[in-house]
$ cat coords34.txt   # compact mmCIF, C-alpha atoms
# COMPACT_ATOMS: atom_id res chain seq x y z
CA MET A 86 0.00 0.00 0.00
CA LYS A 87 3.00 2.32 0.21
CA ASN A 88 2.51 3.23 -3.47
CA PHE A 89 -1.12 4.31 -3.01
CA ARG A 90 -1.57 8.00 -3.89
CA LEU A 91 -4.62 10.25 -3.75
CA LEU A 92 -5.05 13.86 -4.83
CA THR A 93 -8.32 15.69 -4.36
CA ILE A 94 -9.89 19.13 -4.59
CA THR A 95 -13.05 19.46 -2.49
CA HIS A 96 -15.29 21.99 -0.76
CA LYS A 97 -12.83 21.75 2.15
CA THR A 98 -9.84 22.94 0.12
CA ALA A 99 -11.34 25.29 -2.48
CA ASN A 100 -14.27 27.60 -3.12
CA ILE A 101 -17.05 25.33 -4.35
CA ASN A 102 -17.76 27.71 -7.24
CA HIS A 103 -14.17 27.40 -8.46
CA ILE A 104 -13.81 23.60 -8.47
CA GLY A 105 -15.35 23.38 -11.94
CA GLN A 106 -12.37 25.29 -13.36
CA TYR A 107 -10.16 22.26 -12.65
CA ILE A 108 -12.47 19.78 -14.39
CA PRO A 109 -11.69 19.25 -18.11
CA SER A 110 -14.26 19.91 -20.84
CA VAL A 111 -13.99 16.25 -21.93
CA ASN A 112 -15.49 15.19 -18.60
CA SER A 113 -18.93 14.78 -20.21
CA ASP A 114 -17.58 12.81 -23.19
CA ALA A 115 -16.85 9.25 -22.02
CA THR A 116 -14.71 8.33 -25.04
CA ALA A 117 -12.58 11.48 -24.90
CA LEU A 118 -12.27 11.28 -21.11
CA SER A 119 -11.12 7.65 -21.30
CA ALA A 120 -8.46 8.55 -23.87
CA ARG A 121 -7.25 11.45 -21.70
CA LEU A 122 -7.03 9.29 -18.58
CA HIS A 123 -5.20 6.49 -20.42
CA GLU A 124 -2.70 9.05 -21.65
CA ILE A 125 -2.17 10.27 -18.08
CA LYS A 126 -1.89 6.75 -16.72
CA GLN A 127 0.74 5.80 -19.30
CA HIS A 128 2.70 9.06 -19.11
CA PHE A 129 3.03 8.97 -15.33
CA GLN A 130 3.53 5.19 -15.19
CA MET A 131 0.53 4.57 -12.96
CA ASP A 132 -0.32 0.92 -12.33
CA GLU A 133 -3.98 1.72 -11.64
CA LEU A 134 -6.19 4.81 -11.74
CA LEU A 135 -9.55 5.87 -10.31
CA TYR A 136 -10.93 9.26 -11.36
CA MET A 137 -14.04 11.01 -10.04
CA ALA A 138 -15.39 14.49 -10.78
CA THR A 139 -18.58 15.97 -9.32
CA CYS A 140 -19.88 19.49 -8.74
CA ASN A 141 -17.93 19.76 -5.48
CA ARG A 142 -15.16 17.18 -5.78
CA LEU A 143 -12.31 16.17 -8.11
CA THR A 144 -10.39 13.07 -7.06
CA PHE A 145 -7.46 11.07 -8.44
CA PHE A 146 -6.56 7.79 -6.75
CA PHE A 147 -3.62 6.01 -8.37
CA ILE A 148 -0.83 3.55 -7.70
CA ARG A 149 2.63 4.86 -8.51
CA GLU A 150 6.04 4.30 -6.99
CA GLU A 151 7.20 7.93 -7.11
CA GLU A 152 5.78 10.41 -4.63
CA THR A 153 3.55 13.32 -5.65
CA THR A 154 5.68 16.45 -5.84
CA GLU A 155 4.47 19.96 -6.68
CA SER A 156 5.87 19.70 -10.23
CA PHE A 157 4.08 16.36 -10.69
CA ILE A 158 0.74 17.88 -9.62
CA ILE A 159 1.12 20.83 -12.01
CA GLU A 160 2.05 18.52 -14.90
CA LEU A 161 -0.84 16.18 -14.05
CA PHE A 162 -3.41 18.98 -14.24
CA SER A 163 -1.82 20.36 -17.39
CA LYS A 164 -2.41 17.02 -19.08
CA LEU A 165 -5.86 16.53 -17.56
CA HIS A 166 -7.05 19.98 -18.54
CA PRO A 167 -4.88 21.53 -21.32
CA GLY A 168 -7.11 24.63 -21.33
CA ILE A 169 -6.98 25.21 -17.58
CA PRO A 170 -6.73 28.94 -16.67
CA GLN A 171 -3.17 29.89 -15.79
CA HIS A 172 -4.15 31.26 -12.37
CA CYS A 173 -5.76 27.90 -11.53
CA LEU A 174 -2.70 25.96 -12.62
CA GLY A 175 -0.42 28.23 -10.64
CA GLY A 176 -2.53 27.86 -7.51
CA VAL A 177 -3.44 24.19 -7.80
CA GLN A 178 -0.95 23.22 -5.10
CA ASP A 179 -2.86 25.41 -2.64
CA VAL A 180 -6.22 23.69 -3.21
CA ILE A 181 -5.00 20.09 -3.39
CA ALA A 182 -5.29 17.67 -0.48
CA SER A 183 -2.76 14.84 -0.81
CA TYR A 184 -2.83 11.40 0.81
CA SER A 185 -0.63 8.33 0.61
CA GLY A 186 -0.66 4.72 1.81
CA ILE A 187 -3.53 3.54 3.99
CA ASP A 188 -4.72 7.15 4.38
CA CYS A 189 -5.83 7.01 0.72
CA VAL A 190 -8.09 4.07 1.51
CA ARG A 191 -9.46 5.74 4.63
CA HIS A 192 -10.30 8.84 2.59
CA LEU A 193 -12.14 6.82 -0.06
CA PHE A 194 -14.09 5.00 2.65
CA GLU A 195 -15.03 8.35 4.24
CA VAL A 196 -16.11 9.76 0.88
CA ALA A 197 -18.24 6.72 0.04
CA ALA A 198 -19.82 6.82 3.51
CA SER A 199 -20.56 10.55 3.12
CA ILE A 200 -18.50 11.48 6.16
CA ASP A 201 -16.39 13.78 3.98
CA SER A 202 -19.32 15.19 1.97
CA LEU A 203 -20.35 18.82 1.61
CA VAL A 204 -23.61 17.70 3.26
CA VAL A 205 -22.69 14.99 5.78
CA GLY A 206 -24.87 11.90 5.36
CA GLU A 207 -26.12 12.59 1.84
CA ARG A 208 -26.42 9.42 -0.23
CA GLU A 209 -25.72 10.82 -3.69
CA ILE A 210 -21.94 10.54 -3.29
CA LEU A 211 -22.14 6.75 -2.98
CA ARG A 212 -23.85 6.55 -6.36
CA GLN A 213 -21.25 8.90 -7.85
CA ILE A 214 -18.25 6.93 -6.57
CA LYS A 215 -19.80 3.66 -7.78
CA GLU A 216 -20.31 5.16 -11.25
CA ALA A 217 -16.73 6.48 -11.28
CA TYR A 218 -15.39 3.05 -10.39
CA GLU A 219 -17.59 1.27 -12.95
CA PHE A 220 -16.34 3.66 -15.63
CA CYS A 221 -12.66 3.17 -14.74
CA GLN A 222 -13.13 -0.58 -14.50
CA LYS A 223 -14.90 -0.73 -17.87
CA GLU A 224 -12.19 1.38 -19.48
CA LYS A 225 -9.46 -0.83 -17.93
CA LEU A 226 -7.97 2.06 -15.97
CA SER A 227 -8.36 0.40 -12.57
CA GLY A 228 -7.06 -2.96 -11.44
CA ASP A 229 -6.95 -5.49 -8.61
CA HIS A 230 -6.08 -3.06 -5.79
CA ILE A 231 -8.86 -0.63 -6.67
CA ARG A 232 -11.24 -3.58 -7.00
CA LEU A 233 -10.36 -4.65 -3.44
CA ILE A 234 -10.84 -1.09 -2.15
CA MET A 235 -14.24 -0.65 -3.78
CA LYS A 236 -15.30 -4.15 -2.74
CA MET A 237 -14.85 -2.91 0.84
CA ALA A 238 -15.76 0.79 0.43
CA ILE A 239 -19.31 0.27 -0.85
CA PRO A 240 -20.41 -2.18 1.88
CA THR A 241 -18.71 0.07 4.46
CA ALA A 242 -20.76 3.04 3.26
CA LYS A 243 -23.97 1.02 3.45
CA GLU A 244 -23.03 -0.20 6.92
CA VAL A 245 -22.44 3.37 8.11
CA LEU A 246 -25.80 4.50 6.74
CA THR A 247 -27.52 1.50 8.33
CA ARG A 248 -25.83 1.35 11.74
CA THR A 249 -25.73 5.11 12.40
CA LYS A 250 -28.16 8.02 12.03
CA ILE A 251 -25.75 9.98 9.84
CA GLY A 252 -28.19 9.97 6.92
CA GLU A 253 -31.33 10.75 8.92
CA ASN A 254 -33.01 14.14 9.49
CA ASN A 255 -33.12 15.82 6.08
CA VAL A 256 -30.81 18.81 5.64
CA SER A 257 -31.75 19.84 2.10
CA ILE A 258 -33.77 23.09 2.11
CA VAL A 259 -35.71 21.95 -0.95
CA SER A 260 -36.54 18.54 0.53
CA LEU A 261 -37.52 20.08 3.83
CA ALA A 262 -39.79 22.57 2.05
CA VAL A 263 -41.61 19.75 0.26
CA LEU A 264 -41.88 17.71 3.47
CA GLU A 265 -43.31 20.69 5.34
CA MET A 266 -45.81 21.27 2.53
CA LEU A 267 -46.86 17.60 2.59
CA GLN A 268 -47.81 17.94 6.25
CA TYR A 269 -50.87 19.90 5.06
CA LYS A 270 -51.87 16.84 2.95
CA PRO A 271 -52.52 18.53 -0.41
CA ALA A 272 -54.45 16.31 -2.83
CA LEU A 273 -52.71 14.89 -5.91
CA ASN A 274 -54.83 17.14 -8.17
CA THR A 275 -53.48 20.23 -6.36
CA ASN A 276 -52.74 23.22 -8.62
CA PHE A 277 -49.26 24.68 -8.13
CA LEU A 278 -48.45 28.28 -9.04
CA ILE A 279 -44.66 28.59 -9.22
CA ILE A 280 -42.90 31.97 -9.34
CA GLY A 281 -39.31 31.63 -10.55
CA ALA A 282 -37.73 29.01 -12.82
CA GLY A 283 -34.26 28.72 -11.33
CA GLN A 284 -32.48 25.65 -9.98
CA THR A 285 -34.31 25.69 -6.64
CA ASN A 286 -37.80 25.64 -8.15
CA ALA A 287 -36.65 23.08 -10.71
CA LEU A 288 -35.65 20.78 -7.81
CA VAL A 289 -38.91 21.49 -5.98
CA SER A 290 -40.98 20.59 -9.05
CA LYS A 291 -38.92 17.43 -9.59
CA LEU A 292 -39.63 16.27 -6.03
CA LEU A 293 -43.32 17.11 -6.43
CA ILE A 294 -43.52 15.04 -9.62
CA ASN A 295 -41.90 12.15 -7.77
CA LYS A 296 -44.68 12.47 -5.19
CA GLY A 297 -47.33 12.20 -7.91
CA TYR A 298 -48.25 15.86 -8.50
CA SER A 299 -48.71 17.11 -12.06
CA ASN A 300 -50.50 20.48 -12.29
CA PHE A 301 -47.92 23.25 -12.62
CA THR A 302 -48.09 26.84 -13.87
CA ILE A 303 -44.75 28.66 -13.95
CA TYR A 304 -43.95 32.37 -14.16
CA ASN A 305 -40.45 33.79 -14.58
CA ARG A 306 -38.82 37.04 -15.66
CA SER A 307 -37.36 35.17 -18.63
CA LEU A 308 -40.18 33.60 -20.64
CA LYS A 309 -37.68 31.19 -22.20
CA LYS A 310 -36.70 29.76 -18.79
CA ALA A 311 -40.34 29.54 -17.71
CA GLU A 312 -41.24 27.60 -20.84
CA TYR A 313 -38.18 25.34 -20.47
CA LEU A 314 -39.09 24.32 -16.91
CA ALA A 315 -42.75 24.01 -17.92
CA THR A 316 -41.74 21.57 -20.65
CA ARG A 317 -39.86 19.43 -18.14
CA VAL A 318 -42.85 19.24 -15.78
CA GLU A 319 -45.52 19.15 -18.53
CA GLY A 320 -46.97 22.42 -17.28
CA LYS A 321 -47.52 25.92 -18.63
CA GLY A 322 -44.93 28.69 -18.69
CA PHE A 323 -45.43 32.46 -18.80
CA ALA A 324 -43.46 35.67 -18.41
CA LEU A 325 -43.61 37.23 -14.94
CA SER A 326 -45.00 40.40 -16.49
CA ASP A 327 -48.14 38.39 -17.37
CA LEU A 328 -48.80 37.42 -13.73
CA PRO A 329 -51.56 40.09 -13.30
CA ASN A 330 -53.48 38.26 -16.06
CA TYR A 331 -53.54 34.98 -14.13
CA LYS A 332 -57.18 33.90 -13.78
CA ASP A 333 -56.97 30.21 -12.82
CA THR A 334 -57.24 28.92 -9.28
CA PHE A 335 -54.26 27.62 -7.31
CA ASP A 336 -53.80 25.71 -4.08
CA VAL A 337 -50.06 26.09 -3.47
CA LEU A 338 -47.90 29.11 -4.26
CA ILE A 339 -44.15 28.44 -4.49
CA CYS A 340 -41.78 31.41 -4.84
CA CYS A 341 -38.05 31.61 -5.31
CA THR A 342 -36.61 34.57 -7.23
CA ARG A 343 -33.65 36.91 -6.94
CA ALA A 344 -35.85 39.96 -6.41
CA ASP A 345 -34.61 42.42 -3.80
CA ARG A 346 -38.13 43.11 -2.53
CA PRO A 347 -41.36 41.11 -2.19
CA LEU A 348 -43.07 40.32 -5.51
CA ILE A 349 -46.23 39.01 -3.91
CA THR A 350 -47.69 42.08 -2.23
CA PRO A 351 -51.19 42.13 -0.70
CA GLU A 352 -52.49 43.74 -3.88
CA VAL A 353 -50.90 41.10 -6.14
CA TYR A 354 -52.07 38.27 -3.89
CA GLN A 355 -55.64 39.61 -3.77
CA GLN A 356 -55.64 39.76 -7.55
CA LEU A 357 -54.45 36.14 -7.74
CA VAL A 358 -57.06 34.69 -5.36
CA GLY A 359 -59.98 36.94 -6.30
CA ASP A 360 -63.06 35.84 -4.36
CA ASP A 361 -61.49 32.51 -3.33
CA THR A 362 -61.25 32.44 0.48
CA SER A 363 -59.98 28.87 0.86
CA THR A 364 -56.72 28.25 2.73
CA LYS A 365 -53.66 28.39 0.50
CA ILE A 366 -50.19 27.02 1.11
CA ILE A 367 -47.33 29.42 0.46
CA VAL A 368 -43.74 28.14 0.19
CA ASP A 369 -41.40 31.15 0.13
CA LEU A 370 -37.80 30.20 -0.69
CA GLY A 371 -36.68 33.65 -1.80
CA VAL A 372 -33.78 35.49 -0.14
CA PRO A 373 -35.00 38.01 0.83
CA GLY A 374 -38.56 36.69 0.95
CA ASP A 375 -40.72 36.98 -2.19
CA VAL A 376 -43.95 37.19 -0.22
CA SER A 377 -44.87 40.26 1.80
CA ARG A 378 -45.32 39.62 5.52
CA LYS A 379 -48.61 41.50 5.24
CA VAL A 380 -49.92 38.74 2.95
CA VAL A 381 -49.10 36.18 5.64
CA ASN A 382 -50.83 38.23 8.33
CA ASP A 383 -53.92 39.36 6.40
CA PHE A 384 -54.87 36.32 4.33
CA ASN A 385 -55.88 32.73 5.05
CA VAL A 386 -52.56 30.97 4.34
CA ASN A 387 -50.23 28.31 5.72
CA TYR A 388 -46.83 29.92 5.32
CA ILE A 389 -43.54 28.05 4.94
CA GLU A 390 -40.50 30.35 4.95
CA ILE A 391 -36.84 29.73 4.24
CA GLU A 392 -35.54 30.97 7.59
CA THR A 393 -37.55 28.34 9.45
CA LEU A 394 -36.32 25.70 7.01
CA ARG A 395 -32.72 26.87 7.42
CA GLN A 396 -32.93 26.54 11.20
CA LEU A 397 -34.43 23.07 10.86
CA ALA A 398 -31.69 22.07 8.40
CA LYS A 399 -29.05 23.41 10.81
CA GLU A 400 -30.48 21.40 13.70
CA ASN A 401 -30.72 18.27 11.55
CA LEU A 402 -27.13 18.67 10.36
CA ALA A 403 -25.97 19.02 13.97
CA ARG A 404 -27.68 15.72 14.79
CA ARG A 405 -25.95 14.11 11.82
CA MET A 406 -22.58 15.44 12.94
CA GLU A 407 -23.09 13.72 16.30
CA GLU A 408 -23.05 10.42 14.38
CA VAL A 409 -19.71 11.07 12.64
CA GLU A 410 -17.69 9.56 15.49
CA ALA A 411 -19.70 6.33 15.30
CA ALA A 412 -19.28 6.33 11.51
CA ASN A 413 -15.51 6.76 11.86
CA GLU A 414 -15.37 3.76 14.20
CA ILE A 415 -16.99 1.61 11.51
CA VAL A 416 -14.54 2.93 8.92
CA GLY A 417 -11.66 2.05 11.27
CA GLU A 418 -12.99 -1.48 11.68
CA ARG A 419 -13.34 -1.94 7.94
CA LEU A 420 -9.82 -0.58 7.35
CA GLU A 421 -8.40 -3.37 9.50
CA VAL A 422 -10.32 -5.94 7.47
CA PHE A 423 -9.03 -4.29 4.29
CA ARG A 424 -5.42 -4.56 5.52
CA GLN A 425 -5.94 -8.28 6.06
CA ASN A 426 -7.55 -8.69 2.63
CA VAL A 427 -4.66 -6.90 0.93
CA ARG A 428 -2.07 -9.08 2.63
CA GLN A 429 -3.97 -12.24 1.82
CA ARG A 430 -4.37 -11.12 -1.77
CA ARG A 431 -0.64 -10.38 -1.96
CA VAL A 432 0.09 -13.90 -0.73
CA GLU A 433 -2.40 -15.38 -3.18
CA ARG A 434 -0.72 -13.57 -6.08
CA ALA A 435 2.70 -14.71 -4.88
CA LEU A 436 1.48 -18.31 -4.67
CA SER A 437 -0.54 -18.22 -7.90
CA ALA A 438 2.21 -20.10 -9.75
CA ILE A 439 2.03 -23.09 -7.38
CA PRO A 440 -0.81 -24.96 -9.18
CA SER A 441 0.95 -24.95 -12.55
CA LYS A 442 4.28 -25.90 -10.95
CA VAL A 443 2.75 -28.81 -9.02
CA LYS A 444 0.95 -29.90 -12.17
CA GLY A 445 4.25 -29.77 -14.03
CA VAL A 446 5.95 -31.97 -11.44
CA SER A 447 3.14 -34.52 -11.71
CA GLU A 448 3.27 -34.58 -15.50
CA ARG A 449 7.04 -35.04 -15.53
CA ALA A 450 6.73 -37.90 -13.05
CA LEU A 451 3.95 -39.64 -15.00
CA ASN A 452 5.19 -38.99 -18.52
CA GLY A 453 8.93 -38.98 -17.95
CA VAL A 454 10.60 -40.22 -14.79
CA PHE A 455 8.24 -43.16 -14.14
CA LYS A 456 6.79 -43.53 -17.62
CA LYS A 457 8.23 -47.00 -18.26
CA GLU A 458 7.08 -48.41 -14.90
CA ILE A 459 3.59 -46.93 -15.31
CA GLU A 460 3.21 -48.47 -18.77
CA GLU A 461 3.74 -51.89 -17.20
CA LEU A 462 0.81 -51.40 -14.82
CA ASP A 463 -2.59 -52.90 -15.53
CA PRO A 464 -5.49 -50.46 -16.35
CA ASN A 465 -6.97 -50.56 -12.83
CA SER A 466 -3.62 -49.76 -11.25
CA LYS A 467 -3.04 -46.90 -13.72
CA GLU A 468 -6.46 -45.43 -12.88
CA LEU A 469 -5.77 -45.68 -9.16
CA LEU A 470 -2.37 -44.02 -9.58
CA GLU A 471 -3.88 -41.14 -11.55
CA ARG A 472 -6.50 -40.64 -8.83
CA VAL A 473 -3.82 -40.65 -6.14
CA VAL A 474 -1.68 -38.13 -8.06
CA SER A 475 -4.70 -35.88 -8.67
CA TYR A 476 -5.58 -35.98 -4.95
CA MET A 477 -2.00 -35.19 -3.97
CA GLU A 478 -1.89 -32.26 -6.43
CA LYS A 479 -4.94 -30.64 -4.83
CA LYS A 480 -3.56 -31.14 -1.33
CA TYR A 481 -0.12 -29.80 -2.21
CA ILE A 482 -1.73 -26.73 -3.77
CA SER A 483 -4.00 -25.97 -0.80
CA ILE A 484 -1.42 -26.40 1.98
CA PRO A 485 0.68 -23.27 1.18
CA MET A 486 -2.50 -21.18 0.82
CA VAL A 487 -3.82 -22.26 4.23
CA VAL A 488 -0.45 -21.76 5.92
CA ALA A 489 -0.05 -18.32 4.31
CA ARG A 490 -3.47 -17.19 5.56
CA GLU A 491 -2.62 -18.37 9.07
CA VAL A 492 0.66 -16.45 8.97
CA VAL A 493 -1.13 -13.27 7.83
CA GLU A 494 -3.75 -13.60 10.57
CA LYS A 495 -1.09 -14.13 13.24
CA GLU A 496 0.85 -11.12 12.00
CA LEU A 497 -2.26 -8.92 12.10
CA ASN A 498 -3.17 -10.13 15.58
CA ARG A 499 0.37 -9.40 16.75
CA GLU A 500 0.15 -5.84 15.36
CA LYS A 501 -3.18 -5.31 17.12
CA ASP A 502 -1.71 -6.53 20.41
CA GLU A 503 1.24 -4.16 20.02
CA LYS A 504 -1.12 -1.22 19.39
CA ASN A 505 -3.16 -2.08 22.44

$ encode --input "coords34.txt" --output "structure tokens"
Amino acid sequence: MKNFRLLTITHKTANINHIGQYIPSVNSDATALSARLHEIKQHFQMDELLYMATCNRLTFFFIREEETTESFIIELFSKLHPGIPQHCLGGVQDVIASYSGIDCVRHLFEVAASIDSLVVGEREILRQIKEAYEFCQKEKLSGDHIRLIMKMAIPTAKEVLTRTKIGENNVSIVSLAVLEMLQYKPALNTNFLIIGAGQTNALVSKLLINKGYSNFTIYNRSLKKAEYLATRVEGKGFALSDLPNYKDTFDVLICCTRADRPLITPEVYQQLVGDDTSTKIIVDLGVPGDVSRKVVNDFNVNYIEIETLRQLAKENLARRMEEVEAANEIVGERLEVFRQNVRQRRVERALSAIPSKVKGVSERALNGVFKKEIEELDPNSKELLERVVSYMEKKYISIPMVVAREVVEKELNREKDEKN
């Protein structure tokens, strides 16, 4: 494991908005990305390579005898991303976290288990690391060591999520908003009036569709964006300037814009509801709020605001963080098992030639050294001899394997005793 190397840029080492500058344009083209990574692997004489890039993480895990110097890192990123901005290349050393040996494996376990995530306990990273591994395996970039790591990392992540509460208590503002709204039990035929067509409302509408809702009307300053989101949710899209002309009924109003003052004033809200006095649900995710406080006070509404959701998310995240220590204990346990697996695998590879060598000895004995004597035997004796030789071959092959495993186990137990 001394040749294990890992380089990563994450939310912990760099501004999350700048990480994308280090990710090459070929990242979305599987064929081009594979060619680029093979070129890197060959140029730097890496035995194996695992590459992962997400919106808040760029990771290289590789096996290479030489250590990772500053000049190596700069050359690596030059080859990964030939068009990288010069200021990024010059400052890459400052945003890189570097690991070696068993610490590389620990880091990968922590990433898979979402201990190292931007949002601790989120499950998306496990899917991302599995896809990264499957890609590198398919493209023959990874090998036996990475296979052993991932064979342990994925079950470890699942064990952490099962045995601890690190993934409980939602911390996503969007998810919390939808969960809060669902507490009012809106019917599946509920009409949603959505103000704003940015990423937040796109995520809200996606979650609502997953819950079975389907009636969406979207308004946005840019008609093009409103129509684009409307197409994705099979709704209707309009320009925000047309909002005064809205005549349909709605049950839930969802707002999230970049306006610097409330868009939904008492006058606008009254125009929207007309003579309808039924209770409406308002989900206000704007910063600052898109809905006037006077609307909340003067009208019959159930109001969900972002500040309340933020506080809830903060409390939930704190509860998740309390579980990190328990999660780290599981990772530590699995690391010890991994050490044992690596040693056993090393022994297995070293002894892999034994079967063919034993077979060769048997064949030379039967077809050379004792050929004349064997030819003089009757058929029954020949058959018995062949069965005896075959039995002995299997036993001779298994004995070194068993002994080697026992030696590895004793060595590991001795190391544990010395630590204790």

$ residues_around --input "coords34.txt" --residues "stretch 169-183 of chain A" --least-positions-apart "4" --cutoff "8 Å" --atoms "all atoms listed in the file" --output "PyMOL selection string"
chain A and resi 90-94+98-99+106-107+109+155+158-159+162-163

$ closest_residue --input "coords34.txt" --among "A:Gly105, A:Ala398, A:Glu207, A:Lys87" --to "A:Arg149" --atoms "all atoms listed in the file"
A:Lys87

$ residues_around --input "coords34.txt" --residues "A:Lys236" --least-positions-apart "3" --cutoff "12 Å" --atoms "all atoms listed in the file" --output "VMD selection string"
chain A and resid 190 193 to 194 197 215 218 to 219 229 to 233 239 to 243 419 422 to 423 426 to 427

$ write_last_selection --input "coords34.txt" --atoms "C-alpha atoms" --output "PDB file, in the frame of the given file"
ATOM      1  CA  VAL A 190      -8.090   4.070   1.510  1.00  0.00           C
ATOM      2  CA  LEU A 193     -12.140   6.820  -0.060  1.00  0.00           C
ATOM      3  CA  PHE A 194     -14.090   5.000   2.650  1.00  0.00           C
ATOM      4  CA  ALA A 197     -18.240   6.720   0.040  1.00  0.00           C
ATOM      5  CA  LYS A 215     -19.800   3.660  -7.780  1.00  0.00           C
ATOM      6  CA  TYR A 218     -15.390   3.050 -10.390  1.00  0.00           C
ATOM      7  CA  GLU A 219     -17.590   1.270 -12.950  1.00  0.00           C
ATOM      8  CA  ASP A 229      -6.950  -5.490  -8.610  1.00  0.00           C
ATOM      9  CA  HIS A 230      -6.080  -3.060  -5.790  1.00  0.00           C
ATOM     10  CA  ILE A 231      -8.860  -0.630  -6.670  1.00  0.00           C
ATOM     11  CA  ARG A 232     -11.240  -3.580  -7.000  1.00  0.00           C
ATOM     12  CA  LEU A 233     -10.360  -4.650  -3.440  1.00  0.00           C
ATOM     13  CA  ILE A 239     -19.310   0.270  -0.850  1.00  0.00           C
ATOM     14  CA  PRO A 240     -20.410  -2.180   1.880  1.00  0.00           C
ATOM     15  CA  THR A 241     -18.710   0.070   4.460  1.00  0.00           C
ATOM     16  CA  ALA A 242     -20.760   3.040   3.260  1.00  0.00           C
ATOM     17  CA  LYS A 243     -23.970   1.020   3.450  1.00  0.00           C
ATOM     18  CA  ARG A 419     -13.340  -1.940   7.940  1.00  0.00           C
ATOM     19  CA  VAL A 422     -10.320  -5.940   7.470  1.00  0.00           C
ATOM     20  CA  PHE A 423      -9.030  -4.290   4.290  1.00  0.00           C
ATOM     21  CA  ASN A 426      -7.550  -8.690   2.630  1.00  0.00           C
ATOM     22  CA  VAL A 427      -4.660  -6.900   0.930  1.00  0.00           C
TER      23      VAL A 427
END

$ closest_residue --input "coords34.txt" --among "A:Leu143, A:Ile484, A:Leu165, A:Val205" --to "A:His128" --atoms "all atoms listed in the file"
A:Leu165

$ atom_distance --input "coords34.txt" --atom1 "atom CA of A:Leu122" --atom2 "atom CA of A:Val196"
21.5 Å

$ atom_distance --input "coords34.txt" --atom1 "atom CA of A:Leu328" --atom2 "atom CA of A:Phe301"
14.2 Å

$ atom_distance --input "coords34.txt" --atom1 "atom CA of A:Ser377" --atom2 "atom CA of A:Leu325"
17.1 Å

$ closest_residue --input "coords34.txt" --among "A:Val381, A:Leu348, A:Cys189, A:Val256" --to "A:Val204" --atoms "all atoms listed in the file"
A:Val256

$ closest_residue --input "coords34.txt" --among "A:Leu338, A:Val446, A:Leu308, A:Val259" --to "A:Asp375" --atoms "only C-alpha atoms"
A:Leu338

$ residues_around --input "coords34.txt" --residues "A:Tyr313" --least-positions-apart "4" --cutoff "8 Å" --atoms "only C-alpha atoms" --output "list in words"
Lys309, Arg317 and Gly322 of chain A

$ closest_residue --input "coords34.txt" --among "A:Gln425, A:Asn141, A:Ser227, A:Asn88" --to "A:Asn100" --atoms "all atoms listed in the file"
A:Asn141

$ closest_residue --input "coords34.txt" --among "A:Ala315, A:Val368, A:Ala412, A:Val487" --to "A:Ile391" --atoms "only C-alpha atoms"
A:Val368

$ residues_around --input "coords34.txt" --residues "A:Arg346" --least-positions-apart "4" --cutoff "12 Å" --atoms "all atoms listed in the file" --output "list in words"
Cys341, Thr342, Thr350, Gly371, Val372, Pro373, Gly374, Asp375, Val376, Ser377 and Arg378 of chain A

$ residues_around --input "coords34.txt" --residues "A:Leu203" --least-positions-apart "4" --cutoff "10 Å" --atoms "all atoms listed in the file" --output "PyMOL selection string"
chain A and resi 95-97+101+141-142+199+207+210
